[in-house]
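Asks: Data: start-v4.cif, mmCIF, C-alpha atoms.
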```cif
data_query
#
loop_
_atom_site.label_atom_id
_atom_site.label_comp_id
_atom_site.auth_asym_id
_atom_site.auth_seq_id
_atom_site.Cartn_x
_atom_site.Cartn_y
_atom_site.Cartn_z
CA MET F 1 -101.14 -57.44 109.71
CA GLY F 2 -104.21 -59.34 108.62
CA VAL F 3 -107.41 -57.72 107.46
CA LEU F 4 -111.11 -58.29 108.07
CA LEU F 5 -113.62 -57.12 105.49
CA PRO F 6 -117.22 -56.90 106.72
CA ILE F 7 -119.26 -57.27 103.52
CA GLY F 8 -122.85 -56.10 103.73
CA THR F 9 -125.12 -57.79 101.20
CA ARG F 10 -128.76 -57.84 100.33
CA LYS F 11 -128.90 -61.26 102.03
CA GLY F 12 -126.95 -60.79 105.23
CA LEU F 13 -123.41 -60.11 106.33
CA PHE F 14 -120.26 -61.91 105.24
CA LEU F 15 -116.85 -61.64 106.90
CA LEU F 16 -113.76 -62.02 104.74
CA ARG F 17 -110.48 -62.62 106.55
CA SER F 18 -106.95 -62.77 105.23
CA ASP F 19 -103.47 -62.71 106.69
CA ASP F 20 -101.71 -62.11 103.38
CA ARG F 21 -104.47 -60.41 101.33
CA GLU F 22 -104.09 -63.20 98.76
CA THR F 23 -106.04 -66.07 100.27
CA TRP F 24 -109.37 -65.34 101.92
CA GLU F 25 -111.62 -67.13 104.34
CA VAL F 26 -115.32 -66.44 103.99
CA GLU F 27 -117.72 -66.61 106.93
CA GLY F 28 -121.43 -66.13 106.51
CA PRO F 29 -124.12 -65.35 105.89
CA LEU F 30 -124.65 -63.77 109.29
CA LEU F 31 -127.76 -61.75 110.13
CA GLU F 32 -129.76 -63.87 107.70
CA GLY F 33 -132.94 -62.23 106.56
CA TRP F 34 -131.51 -58.74 106.83
CA ALA F 35 -130.15 -56.52 104.10
CA VAL F 36 -126.95 -55.09 105.55
CA TYR F 37 -126.56 -51.61 104.12
CA HIS F 38 -123.31 -50.98 106.00
CA ALA F 39 -121.22 -52.80 108.58
CA VAL F 40 -118.16 -51.63 110.42
CA VAL F 41 -115.78 -52.77 113.13
CA ASP F 42 -115.46 -50.19 115.88
CA PRO F 43 -111.69 -49.73 116.23
CA ARG F 44 -112.10 -48.78 119.88
CA ASP F 45 -113.45 -52.10 121.12
CA GLY F 46 -113.76 -54.45 118.14
CA THR F 47 -117.56 -54.48 118.20
CA LEU F 48 -119.22 -55.20 114.86
CA HIS F 49 -122.07 -52.84 114.01
CA ALA F 50 -124.46 -53.38 111.12
CA CYS F 51 -127.20 -51.27 109.56
CA THR F 52 -129.91 -53.87 109.04
CA ASN F 53 -133.05 -53.45 107.01
CA ASN F 54 -135.93 -55.72 106.17
CA PRO F 55 -138.90 -54.83 103.96
CA VAL F 56 -141.29 -56.35 106.49
CA TYR F 57 -139.68 -55.73 109.87
CA GLY F 58 -138.24 -52.30 109.24
CA ALA F 59 -134.93 -50.56 109.89
CA THR F 60 -132.65 -51.23 112.81
CA VAL F 61 -129.03 -51.82 113.77
CA HIS F 62 -127.37 -54.91 115.18
CA ARG F 63 -124.12 -55.22 117.10
CA SER F 64 -121.89 -58.13 118.00
CA ALA F 65 -119.19 -58.10 120.65
CA ASP F 66 -117.94 -61.57 119.74
CA GLY F 67 -117.00 -61.25 116.09
CA GLY F 68 -120.43 -62.05 114.71
CA GLU F 69 -121.25 -65.14 116.76
CA THR F 70 -124.09 -63.51 118.67
CA TRP F 71 -125.98 -60.30 117.94
CA GLU F 72 -128.01 -57.76 119.84
CA ARG F 73 -130.50 -55.40 118.26
CA ALA F 74 -130.99 -51.74 119.12
CA GLU F 75 -133.69 -51.28 121.73
CA GLU F 76 -134.60 -47.67 121.07
CA LEU F 77 -134.34 -46.31 117.57
CA GLY F 78 -136.91 -44.28 115.72
CA LEU F 79 -138.36 -40.89 114.90
CA PRO F 80 -140.68 -38.95 117.20
CA GLU F 81 -143.91 -40.85 117.81
CA ASP F 82 -146.10 -37.82 117.14
CA GLY F 83 -144.49 -36.90 113.81
CA GLU F 84 -145.41 -37.83 110.28
CA LEU F 85 -141.99 -39.19 109.35
CA LYS F 86 -140.88 -42.73 110.07
CA LEU F 87 -137.46 -44.30 109.93
CA ASN F 88 -137.34 -45.95 106.52
CA ALA F 89 -133.81 -47.36 106.53
CA THR F 90 -130.49 -47.30 108.36
CA TRP F 91 -127.59 -46.48 106.08
CA HIS F 92 -124.27 -45.83 107.80
CA ILE F 93 -122.64 -46.22 111.20
CA GLU F 94 -119.61 -44.15 112.12
CA PRO F 95 -117.64 -44.56 115.37
CA GLY F 96 -117.23 -41.17 117.00
CA ARG F 97 -114.45 -39.25 118.67
CA ASP F 98 -115.04 -40.34 122.22
CA SER F 99 -117.19 -43.30 123.10
CA GLU F 100 -120.18 -42.33 120.96
CA LEU F 101 -121.51 -43.78 117.72
CA TRP F 102 -123.28 -41.98 114.88
CA LEU F 103 -125.93 -43.45 112.62
CA GLY F 104 -127.30 -42.08 109.37
CA GLY F 105 -130.69 -43.05 108.03
CA ASP F 106 -133.60 -42.33 105.75
CA PRO F 107 -135.37 -39.79 105.72
CA GLY F 108 -132.25 -37.60 106.01
CA VAL F 109 -131.73 -38.27 109.71
CA LEU F 110 -128.80 -38.65 112.07
CA PHE F 111 -128.70 -40.43 115.43
CA ARG F 112 -126.16 -40.58 118.22
CA SER F 113 -125.65 -43.40 120.70
CA ASP F 114 -123.77 -43.03 123.95
CA ASP F 115 -124.31 -46.58 125.14
CA GLY F 116 -122.58 -48.57 122.42
CA GLY F 117 -125.56 -48.82 120.08
CA ARG F 118 -128.26 -49.96 122.51
CA THR F 119 -130.26 -46.73 122.32
CA TRP F 120 -130.13 -43.95 119.76
CA GLN F 121 -131.01 -40.27 120.11
CA LEU F 122 -132.19 -38.26 117.13
CA ASN F 123 -130.12 -35.23 116.14
CA ARG F 124 -132.81 -32.58 116.35
CA ALA F 125 -130.86 -29.82 114.61
CA LEU F 126 -130.60 -31.81 111.39
CA PHE F 127 -134.11 -33.23 111.72
CA GLU F 128 -135.54 -29.73 112.11
CA HIS F 129 -133.16 -28.02 109.70
CA PRO F 130 -134.84 -24.97 108.16
CA THR F 131 -133.99 -26.14 104.65
CA ARG F 132 -135.54 -29.62 105.07
CA GLU F 133 -138.61 -28.77 103.01
CA ARG F 134 -136.27 -28.31 100.03
CA TRP F 135 -134.73 -31.77 100.40
CA GLN F 136 -135.96 -34.61 98.25
CA PRO F 137 -135.25 -38.32 98.12
CA GLY F 138 -132.91 -39.81 95.54
CA ALA F 139 -133.55 -43.17 93.94
CA GLY F 140 -132.32 -44.94 97.07
CA GLY F 141 -134.44 -42.84 99.41
CA MET F 142 -133.42 -39.73 101.32
CA CYS F 143 -130.43 -41.33 102.95
CA THR F 144 -127.85 -39.89 105.30
CA HIS F 145 -124.99 -42.00 103.98
CA SER F 146 -121.81 -40.11 104.82
CA ILE F 147 -120.72 -39.17 108.34
CA GLN F 148 -117.23 -37.84 108.92
CA LEU F 149 -115.68 -36.59 112.14
CA VAL F 150 -112.40 -34.89 111.37
CA GLY F 151 -110.64 -31.86 112.77
CA GLY F 152 -113.28 -30.84 115.26
CA ALA F 153 -116.07 -30.79 112.70
CA ILE F 154 -118.84 -33.24 111.83
CA TYR F 155 -119.83 -33.61 108.21
CA VAL F 156 -122.90 -35.38 106.88
CA ALA F 157 -124.07 -35.88 103.32
CA ILE F 158 -127.60 -36.72 102.29
CA SER F 159 -129.06 -37.73 98.96
CA ALA F 160 -130.63 -35.44 97.84
CA ALA F 161 -130.20 -32.69 100.40
CA GLY F 162 -126.49 -31.99 100.01
CA ALA F 163 -123.60 -31.79 102.45
CA PHE F 164 -123.68 -30.13 105.85
CA ARG F 165 -121.03 -29.23 108.43
CA SER F 166 -121.38 -28.80 112.15
CA ASP F 167 -118.73 -26.97 114.17
CA ASP F 168 -120.56 -27.33 117.47
CA GLY F 169 -120.89 -31.06 117.89
CA GLY F 170 -124.17 -31.35 116.00
CA GLU F 171 -126.04 -28.45 117.61
CA SER F 172 -126.31 -26.68 114.25
CA TRP F 173 -125.62 -27.53 110.62
CA THR F 174 -124.37 -25.31 107.80
CA PRO F 175 -125.02 -26.31 104.17
CA ILE F 176 -121.72 -26.62 102.29
CA ASN F 177 -122.83 -26.96 98.69
CA LYS F 178 -121.55 -23.78 97.07
CA SER F 179 -120.66 -24.36 93.39
CA VAL F 180 -121.76 -28.00 93.57
CA ALA F 181 -124.16 -28.72 90.71
CA ALA F 182 -127.69 -30.01 90.99
CA GLU F 183 -128.39 -30.15 87.27
CA PHE F 184 -131.74 -31.84 87.83
CA MET F 185 -133.07 -28.74 89.65
CA PRO F 186 -134.51 -25.57 88.10
CA ASP F 187 -131.68 -23.67 89.81
CA PRO F 188 -128.63 -25.83 89.10
CA TYR F 189 -126.66 -24.32 92.00
CA PRO F 190 -129.07 -24.18 94.95
CA GLU F 191 -128.14 -23.80 98.60
CA VAL F 192 -129.35 -27.35 99.31
CA GLY F 193 -130.80 -30.23 97.32
CA GLN F 194 -127.59 -31.56 95.81
CA CYS F 195 -127.41 -35.30 95.38
CA VAL F 196 -124.18 -36.25 97.08
CA HIS F 197 -123.40 -39.93 96.59
CA LYS F 198 -120.38 -40.18 98.92
CA LEU F 199 -118.36 -37.66 100.90
CA LEU F 200 -115.01 -38.27 102.61
CA VAL F 201 -112.61 -36.04 104.54
CA HIS F 202 -108.91 -36.75 104.38
CA PRO F 203 -107.79 -37.92 107.82
CA GLN F 204 -104.41 -36.17 107.62
CA ARG F 205 -105.63 -32.95 106.01
CA PRO F 206 -108.93 -32.13 107.70
CA GLU F 207 -109.70 -29.14 105.51
CA ARG F 208 -109.69 -31.37 102.38
CA LEU F 209 -113.00 -32.94 101.41
CA TRP F 210 -113.86 -35.08 98.41
CA GLN F 211 -117.25 -36.01 97.06
CA GLN F 212 -118.65 -38.17 94.31
CA ASN F 213 -121.89 -36.49 93.40
CA HIS F 214 -124.79 -37.27 91.09
CA CYS F 215 -123.37 -34.38 89.05
CA GLY F 216 -119.61 -34.72 89.14
CA VAL F 217 -116.60 -35.32 91.36
CA TYR F 218 -115.48 -32.47 93.61
CA ARG F 219 -112.70 -31.50 96.01
CA SER F 220 -112.73 -28.80 98.65
CA ASP F 221 -109.66 -27.44 100.41
CA ASP F 222 -111.55 -25.18 102.79
CA ARG F 223 -113.80 -27.58 104.75
CA GLY F 224 -116.51 -27.47 102.14
CA ASP F 225 -116.91 -23.71 101.87
CA THR F 226 -116.03 -23.91 98.17
CA TRP F 227 -115.68 -26.84 95.79
CA GLU F 228 -113.73 -27.49 92.59
CA ARG F 229 -115.24 -29.80 89.99
CA LEU F 230 -112.82 -32.50 88.82
CA ASP F 231 -114.63 -35.01 86.60
CA LYS F 232 -113.87 -33.09 83.40
CA ASN F 233 -110.18 -33.80 84.00
CA GLY F 234 -110.16 -37.29 82.56
CA LEU F 235 -113.05 -39.32 83.88
CA PRO F 236 -115.27 -41.04 81.30
CA THR F 237 -118.46 -39.76 82.98
CA SER F 238 -119.48 -37.49 85.82
CA PHE F 239 -121.74 -40.07 87.46
CA GLY F 240 -120.83 -42.70 90.03
CA PHE F 241 -121.31 -43.65 93.63
CA PRO F 242 -118.25 -44.83 95.60
CA LEU F 243 -115.14 -42.94 96.58
CA ALA F 244 -111.90 -43.92 98.31
CA LEU F 245 -108.87 -42.00 99.51
CA ASP F 246 -105.31 -42.83 100.46
CA PRO F 247 -104.77 -42.42 104.21
CA GLU F 248 -101.24 -41.07 103.75
CA ASP F 249 -101.54 -39.05 100.54
CA PRO F 250 -104.23 -36.35 100.42
CA ASP F 251 -103.79 -35.95 96.64
CA VAL F 252 -104.90 -39.51 95.88
CA ALA F 253 -108.51 -40.53 95.32
CA TYR F 254 -110.33 -43.37 93.58
CA VAL F 255 -113.73 -43.43 91.87
CA ILE F 256 -115.65 -45.98 89.78
CA PRO F 257 -117.68 -44.04 87.20
CA GLU F 258 -120.99 -45.31 85.91
CA GLN F 259 -122.46 -44.78 82.48
CA SER F 260 -125.06 -42.18 83.42
CA GLN F 261 -127.76 -41.31 85.87
CA GLU F 262 -130.15 -43.42 83.80
CA HIS F 263 -127.79 -46.37 83.34
CA HIS F 264 -126.28 -47.55 86.60
CA TYR F 265 -123.45 -49.78 85.39
CA THR F 266 -119.77 -49.19 84.90
CA ALA F 267 -118.86 -46.64 82.24
CA ASP F 268 -117.79 -47.71 78.74
CA GLY F 269 -118.74 -51.33 79.42
CA ARG F 270 -115.66 -52.01 81.53
CA LEU F 271 -114.99 -52.29 85.24
CA GLY F 272 -112.93 -49.14 85.50
CA VAL F 273 -111.43 -47.85 88.69
CA TYR F 274 -109.96 -44.39 88.14
CA ARG F 275 -107.21 -42.91 90.28
CA THR F 276 -105.90 -39.41 90.69
CA ALA F 277 -102.55 -38.68 92.30
CA ASP F 278 -102.65 -34.91 91.85
CA GLY F 279 -105.74 -33.83 93.70
CA GLY F 280 -108.05 -34.48 90.76
CA ALA F 281 -106.15 -32.42 88.15
CA SER F 282 -105.90 -35.64 86.13
CA TRP F 283 -107.25 -39.19 86.33
CA GLU F 284 -105.79 -42.47 85.13
CA LEU F 285 -107.43 -45.83 84.61
CA ALA F 286 -106.22 -48.09 87.41
CA ALA F 287 -107.87 -51.32 86.33
CA SER F 288 -105.05 -53.84 85.93
CA GLY F 289 -106.51 -57.25 86.69
CA LEU F 290 -110.15 -56.16 86.34
CA PRO F 291 -112.35 -57.49 83.53
CA GLU F 292 -112.25 -55.26 80.47
CA ARG F 293 -115.80 -56.11 79.46
CA ALA F 294 -118.19 -55.67 82.35
CA TRP F 295 -121.43 -53.96 83.18
CA VAL F 296 -121.49 -54.03 86.96
CA ALA F 297 -122.40 -51.62 89.71
CA VAL F 298 -120.50 -50.63 92.84
CA LEU F 299 -122.72 -48.89 95.35
CA ARG F 300 -121.91 -45.89 97.52
CA GLU F 301 -120.71 -48.00 100.46
CA GLY F 302 -119.02 -50.55 98.23
CA LEU F 303 -115.46 -49.16 98.16
CA ALA F 304 -113.11 -49.15 101.14
CA PHE F 305 -109.46 -48.52 101.90
CA ASP F 306 -106.94 -48.84 104.69
CA GLY F 307 -103.22 -48.33 105.04
CA ASP F 308 -102.44 -51.48 103.05
CA GLY F 309 -105.06 -51.84 100.38
CA ILE F 310 -108.20 -50.92 98.48
CA TYR F 311 -111.28 -53.12 98.38
CA PHE F 312 -114.57 -53.01 96.54
CA GLY F 313 -117.62 -55.19 96.09
CA THR F 314 -120.01 -55.39 93.16
CA GLN F 315 -123.73 -55.87 92.94
CA SER F 316 -122.88 -59.09 91.11
CA GLY F 317 -121.25 -60.45 94.25
CA SER F 318 -117.51 -60.14 93.65
CA VAL F 319 -114.98 -58.60 96.04
CA TRP F 320 -111.87 -57.15 94.43
CA THR F 321 -108.74 -56.12 96.33
CA SER F 322 -105.56 -54.31 95.44
CA PRO F 323 -102.45 -53.38 97.39
CA ARG F 324 -102.27 -49.70 98.23
CA GLY F 325 -100.42 -47.70 95.62
CA LYS F 326 -99.75 -50.53 93.17
CA THR F 327 -103.31 -50.92 91.92
CA GLN F 328 -103.16 -54.53 90.80
CA TRP F 329 -106.58 -56.10 91.36
CA THR F 330 -107.39 -59.67 92.29
CA GLU F 331 -110.78 -61.20 92.93
CA ALA F 332 -110.93 -62.24 96.59
CA VAL F 333 -114.32 -63.93 96.36
CA ARG F 334 -117.18 -64.16 93.90
CA ASP F 335 -120.84 -65.19 93.81
CA LEU F 336 -121.87 -63.54 97.04
CA PRO F 337 -125.35 -61.97 97.12
CA PRO F 338 -125.52 -58.41 95.77
CA ILE F 339 -122.96 -56.41 97.74
CA LEU F 340 -124.15 -53.24 99.43
CA SER F 341 -121.11 -52.31 101.50
CA VAL F 342 -117.45 -53.02 102.13
CA GLU F 343 -115.29 -51.91 105.02
CA ALA F 344 -111.78 -52.84 106.12
CA ALA F 345 -110.47 -53.42 109.63
CA PRO F 346 -107.27 -54.84 111.09
CA ALA F 347 -107.49 -58.50 112.06
CA MET L 348 -152.58 -69.68 127.31
CA ALA L 349 -152.65 -68.58 123.68
CA ILE L 350 -149.85 -69.71 121.43
CA VAL L 351 -148.00 -67.19 119.26
CA LEU L 352 -145.87 -68.49 116.39
CA LEU L 353 -143.14 -66.40 114.78
CA PRO L 354 -141.54 -66.67 111.33
CA ALA L 355 -137.84 -67.49 111.03
CA VAL L 356 -136.37 -63.98 110.99
CA LEU L 357 -138.32 -62.94 114.06
CA ALA L 358 -137.58 -66.20 115.85
CA ALA L 359 -133.86 -65.60 115.31
CA GLU L 360 -134.29 -62.16 116.85
CA ALA L 361 -136.06 -63.74 119.81
CA GLY L 362 -133.06 -65.88 120.64
CA GLY L 363 -134.20 -68.76 118.48
CA GLN L 364 -137.63 -69.09 120.10
CA LYS L 365 -140.45 -69.34 117.60
CA ARG L 366 -143.29 -70.46 119.89
CA PHE L 367 -144.59 -68.41 122.82
CA GLU L 368 -147.36 -69.20 125.29
CA LEU L 369 -148.95 -65.98 126.51
CA ASP L 370 -151.82 -64.73 128.60
CA ALA L 371 -153.60 -62.20 126.41
CA ALA L 372 -157.16 -61.15 125.63
CA THR L 373 -156.43 -59.57 122.25
CA VAL L 374 -153.97 -59.85 119.40
CA GLY L 375 -152.44 -56.51 120.41
CA GLU L 376 -151.89 -57.64 123.98
CA ALA L 377 -150.17 -60.79 122.76
CA LEU L 378 -147.88 -59.07 120.27
CA HIS L 379 -146.82 -56.40 122.76
CA GLN L 380 -145.49 -59.08 125.10
CA LEU L 381 -143.07 -60.42 122.53
CA PRO L 382 -139.35 -59.60 122.72
CA VAL L 383 -139.50 -58.57 119.04
CA ARG L 384 -142.26 -56.01 119.48
CA ASN L 385 -140.10 -53.19 118.08
CA LEU L 386 -139.85 -55.15 114.83
CA LEU L 387 -143.62 -55.64 114.71
CA PHE L 388 -144.58 -52.05 115.54
CA ASP L 389 -143.15 -48.83 114.14
CA GLU L 390 -142.27 -45.75 116.19
CA ALA L 391 -145.88 -44.55 116.05
CA GLY L 392 -147.03 -47.81 117.57
CA GLU L 393 -148.64 -49.04 114.38
CA LEU L 394 -148.31 -52.63 113.24
CA ARG L 395 -145.92 -52.56 110.29
CA ARG L 396 -147.69 -52.55 106.97
CA LEU L 397 -146.35 -55.86 105.65
CA ILE L 398 -146.98 -57.91 108.77
CA ASN L 399 -150.01 -60.13 108.70
CA VAL L 400 -151.56 -61.87 111.68
CA PHE L 401 -153.70 -64.98 111.54
CA VAL L 402 -155.79 -66.12 114.51
CA ASP L 403 -156.81 -69.74 114.23
CA GLY L 404 -156.23 -69.52 110.51
CA ILE L 405 -158.17 -66.29 109.92
CA ASP L 406 -156.40 -63.17 108.63
CA VAL L 407 -157.34 -60.51 111.17
CA ARG L 408 -156.25 -57.62 108.94
CA GLY L 409 -159.67 -58.10 107.48
CA GLY L 410 -161.15 -57.81 110.97
CA ARG L 411 -160.30 -55.90 114.11
CA LEU L 412 -156.55 -56.60 113.86
CA LEU L 413 -154.98 -55.64 117.19
CA GLU L 414 -158.37 -55.51 118.91
CA GLU L 415 -159.23 -58.99 117.71
CA PRO L 416 -160.08 -61.08 120.77
CA ILE L 417 -158.24 -64.31 121.31
CA ARG L 418 -159.17 -67.30 123.44
CA PRO L 419 -156.83 -69.20 125.76
CA GLU L 420 -156.53 -71.98 123.20
CA SER L 421 -156.04 -69.66 120.19
CA GLU L 422 -153.09 -69.95 117.84
CA VAL L 423 -151.79 -66.56 116.71
CA ARG L 424 -149.50 -66.79 113.72
CA VAL L 425 -147.35 -63.82 112.65
CA VAL L 426 -146.60 -63.89 108.92
CA GLY L 427 -144.44 -61.50 106.96
CA ALA L 428 -146.01 -60.58 103.62
CA VAL L 429 -144.52 -62.53 100.76
CA ALA L 430 -142.79 -59.83 98.76
CA GLY L 431 -139.51 -59.04 97.13
CA GLY L 432 -136.74 -61.40 96.09
#
```
Turn the structure described in the file into structure tokens.

Replies:
Amino acid sequence: MGVLLPIGTRKGLFLLRSDDRETWEVEGPLLEGWAVYHAVVDPRDGTLHACTNNPVYGATVHRSADGGETWERAEELGLPEDGELKLNATWHIEPGRDSELWLGGDPGVLFRSDDGGRTWQLNRALFEHPTRERWQPGAGGMCTHSIQLVGGAIYVAISAAGAFRSDDGGESWTPINKSVAAEFMPDPYPEVGQCVHKLLVHPQRPERLWQQNHCGVYRSDDRGDTWERLDKNGLPTSFGFPLALDPEDPDVAYVIPEQSQEHHYTADGRLGVYRTADGGASWELAASGLPERAWVAVLREGLAFDGDGIYFGTQSGSVWTSPRGKTQWTEAVRDLPPILSVEAAPA
Amino acid sequence: MAIVLLPAVLAAEAGGQKRFELDAATVGEALHQLPVRNLLFDEAGELRRLINVFVDGIDVRGGRLLEEPIRPESEVRVVGAVAGG
């Protein structure tokens, strides 16, 4: 089966298509003038959704029902008119369980749409969460960047508020940050305030969560109630942004460590993807085909996977792909604008 | 009818139309008739900070902004601030 990669960039959206994952067609830029923080194909109806942001015209979302040829913009999206907070950016769209869509944004907000992305309703329970006054923005703003719906639960992760779980469809949210470090805080293990960079739940083992955090890589086997730190088991640094899993093997995960929280480029001056096949007990460099001397950055939405491959995009405009399991990388395209997000969909 | 001119990004969002002829007594009345009004105004109804409006060549941020009166033959030009890369 062919694959479509929606590539969100600072200068619009690009669509990469391939039947064999060796030769790629590039379409774009679409949504010119917009920084596309994340774009995804809804597997239920094929609609393209994009989180679109512009420094002048604000934060919104666009959708296309015809593969990117024409676009419609959300009609109702924003925070309460009488409040002090405003929607600063849209960060992540996640198709839901039924017909709904979920949208994460800055400042630490979550929206739900029940009309295919035309109008969006604010999740009040997260917006009015009693711990909100202890949240603080990370360098990229206070972004709700991870939304996962697995096993009857909804998980969100916010930088820097931490991870939260809802077992009642979003009516209430429980912080799930126990034993996750926030080394930049006076109390390094607070209830909230952790700077999660990406959180994923394994689709086949819904109690297993992974997160790449500002302060380490973690795995939970109890739906986030407790976490085990894994970056000391062979990663060059604890810092990084993206995270990928293997849809059929819950023990496999991929990360791309960066040098440090001060220096946002790949660790040790090489483009190193690291893979674990034992639940994070050990990590191996899985960089065959990648440049050995490189100082690049892969952002939190920049790494994707499906049943056939792994894909990531760099801030320097390259998209790299590898078959699932084999980890042999080839450069699908280069010289795109700075890449903000990568997703994969059947085509 | 006053003429309102949009920059490229907004014109694309208005279905490719960059020139509008509108009946309006003020800048605010004109902008609120545009199909891109939710890109011009934030959720509190305030004109976004980096949007400038010129009426017949005069920057009305230095004047009454949305209350600025316009004449039937006025040209209202919406300009995004030049910023970023």

Asks: Tell me, counting only C-alpha atoms, for each residue of chain L within 8 Å of chain F, which pair of atoms is nearest and how far apart they are in Å to one decimal, in rows ordered by chain and increasing number, as JSON lines.

Replies:
```
{"residue": "L:Val356", "atom": "CA", "partner": "F:Gly33", "partner_atom": "CA", "distance": 5.9}
{"residue": "L:Glu360", "atom": "CA", "partner": "F:Arg73", "partner_atom": "CA", "distance": 7.9}
{"residue": "L:Asn385", "atom": "CA", "partner": "F:Glu75", "partner_atom": "CA", "distance": 7.6}
{"residue": "L:Leu386", "atom": "CA", "partner": "F:Tyr57", "partner_atom": "CA", "distance": 5.0}
{"residue": "L:Leu387", "atom": "CA", "partner": "F:Tyr57", "partner_atom": "CA", "distance": 6.2}
{"residue": "L:Asp389", "atom": "CA", "partner": "F:Lys86", "partner_atom": "CA", "distance": 7.7}
{"residue": "L:Glu390", "atom": "CA", "partner": "F:Glu81", "partner_atom": "CA", "distance": 5.4}
{"residue": "L:Ala391", "atom": "CA", "partner": "F:Glu81", "partner_atom": "CA", "distance": 4.5}
{"residue": "L:Gly392", "atom": "CA", "partner": "F:Glu81", "partner_atom": "CA", "distance": 7.6}
{"residue": "L:Arg395", "atom": "CA", "partner": "F:Tyr57", "partner_atom": "CA", "distance": 7.0}
{"residue": "L:Arg396", "atom": "CA", "partner": "F:Val56", "partner_atom": "CA", "distance": 7.5}
{"residue": "L:Leu397", "atom": "CA", "partner": "F:Val56", "partner_atom": "CA", "distance": 5.2}
{"residue": "L:Ile398", "atom": "CA", "partner": "F:Val56", "partner_atom": "CA", "distance": 6.3}
{"residue": "L:Gly427", "atom": "CA", "partner": "F:Val56", "partner_atom": "CA", "distance": 6.1}
{"residue": "L:Ala428", "atom": "CA", "partner": "F:Val56", "partner_atom": "CA", "distance": 7.0}
```

Asks: For this file, the PyMOL selection byres ((chain L and resi 414) around 7) selects which residues, as a PyMOL selection string?

Replies: chain L and resi 373-375+411-413+415-416

Asks: Which residues come within 7 Å of Cys143 in chain F, counting only C-alpha atoms, excluding same-chain residues fewer than 6 positions away, as a list in words?

Replies: Trp91, Gly105, Asp106, Pro107, Gly108, Ile158 and Ser159 of chain F

Asks: Would you mind reading off the distance between CA of Glu22 in chain F and CA of Leu303 in chain F, one decimal, in Å?

Replies: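 Straight-line distance from CA of Glu22 in chain F to CA of Leu303 in chain F works out to 18.1 Å.
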
Asks: Report the residues retrieved by the PyMOL selection byres ((chain F and resi 284-286) around 7) from the displayed file, expressed as a PyMOL selection string.

Replies: chain F and resi 272-276+282-283+287-288+327

Asks: Show which residues sit within 7 Å of Ala153 in chain F, as JSON, numbers by chain. Count all atoms listed in the file, and ignore same-chain residues fewer than 5 positions away.

Replies: {"F": [165, 166, 167]}

Asks: Please provide the set of residues having any atom within 12 Å of Ser179 in chain F, restricted to only C-alpha atoms, with same-chain residues fewer than 4 positions apart removed, written as a PyMOL selection string.

Replies: chain F and resi 162+175+183+187-192+194+215-220+224-229

Asks: Give the answer as one residue: which of F:Val255, F:Gln121, F:Trp295, F:Asp249 has the shortest atom-to-atom distance to Gly269 in chain F, using all atoms listed in the file?

Replies: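 Checking each of F:Val255, F:Gln121, F:Trp295, F:Asp249 against Gly269 in chain F, counting all atoms listed in the file, the winner is F:Trp295.
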
Asks: Can you list what the PyMOL selection byres ((chain L and resi 369) around 10) grabs from this structure, as a ChimeraX atom specification?

Replies: /L:348-351,366-368,370-372,376-378,380-381,419

Asks: Write a file of the selected residues as an mmCIF file, in the coordinates of the input, keeping C-alpha atoms.

Replies:
```cif
data_model
loop_
_atom_site.group_PDB
_atom_site.id
_atom_site.type_symbol
_atom_site.label_atom_id
_atom_site.label_comp_id
_atom_site.auth_asym_id
_atom_site.auth_seq_id
_atom_site.Cartn_x
_atom_site.Cartn_y
_atom_site.Cartn_z
ATOM 1 C CA MET L 348 -152.580 -69.680 127.310
ATOM 2 C CA ALA L 349 -152.650 -68.580 123.680
ATOM 3 C CA ILE L 350 -149.850 -69.710 121.430
ATOM 4 C CA VAL L 351 -148.000 -67.190 119.260
ATOM 5 C CA ARG L 366 -143.290 -70.460 119.890
ATOM 6 C CA PHE L 367 -144.590 -68.410 122.820
ATOM 7 C CA GLU L 368 -147.360 -69.200 125.290
ATOM 8 C CA ASP L 370 -151.820 -64.730 128.600
ATOM 9 C CA ALA L 371 -153.600 -62.200 126.410
ATOM 10 C CA ALA L 372 -157.160 -61.150 125.630
ATOM 11 C CA GLU L 376 -151.890 -57.640 123.980
ATOM 12 C CA ALA L 377 -150.170 -60.790 122.760
ATOM 13 C CA LEU L 378 -147.880 -59.070 120.270
ATOM 14 C CA GLN L 380 -145.490 -59.080 125.100
ATOM 15 C CA LEU L 381 -143.070 -60.420 122.530
ATOM 16 C CA PRO L 419 -156.830 -69.200 125.760
#
```

Asks: List the residues sitting within 6 Å of (-112.7, -57.6, 112.4) in the file's frame, using all atoms listed in the file, as a CSV table (one decimal) with C-alpha atoms, in the frame of the given file.

Replies:
```
chain,number,residue,atom,x,y,z
F,4,LEU,CA,-111.1,-58.3,108.1
F,41,VAL,CA,-115.8,-52.8,113.1
F,345,ALA,CA,-110.5,-53.4,109.6
F,347,ALA,CA,-107.5,-58.5,112.1
```

Asks: One number please: CA of Ile256 in chain F to CA of His214 in chain F, in Å, one decimal.

Replies: 12.7 Å

Asks: Restricting the calculation to only C-alpha atoms, which member of F:Thr9, F:Asn123, F:Asn88, F:Gln261 is positioned closest to Glu171 in chain F?

Replies: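 Among F:Thr9, F:Asn123, F:Asn88, F:Gln261, it is F:Asn123 that comes nearest to Glu171 in chain F.
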
Asks: How many Å separate CA of Gly28 in chain F from CA of Ile310 in chain F?

Replies: 21.7 Å

Asks: Starting from the structure just given, write a file holding range 143-147 of chain F with C-alpha atoms, as a short mmCIF file (atom, residue, chain, number, x, y, z; two decimals), in the first residue's frame.

Replies:
```cif
data_model
loop_
_atom_site.label_atom_id
_atom_site.label_comp_id
_atom_site.auth_asym_id
_atom_site.auth_seq_id
_atom_site.Cartn_x
_atom_site.Cartn_y
_atom_site.Cartn_z
CA CYS F 143 1.03 23.95 24.27
CA THR F 144 -1.32 21.00 24.46
CA HIS F 145 0.62 18.87 21.99
CA SER F 146 -0.29 15.26 22.77
CA ILE F 147 -3.81 13.86 22.65
#
```
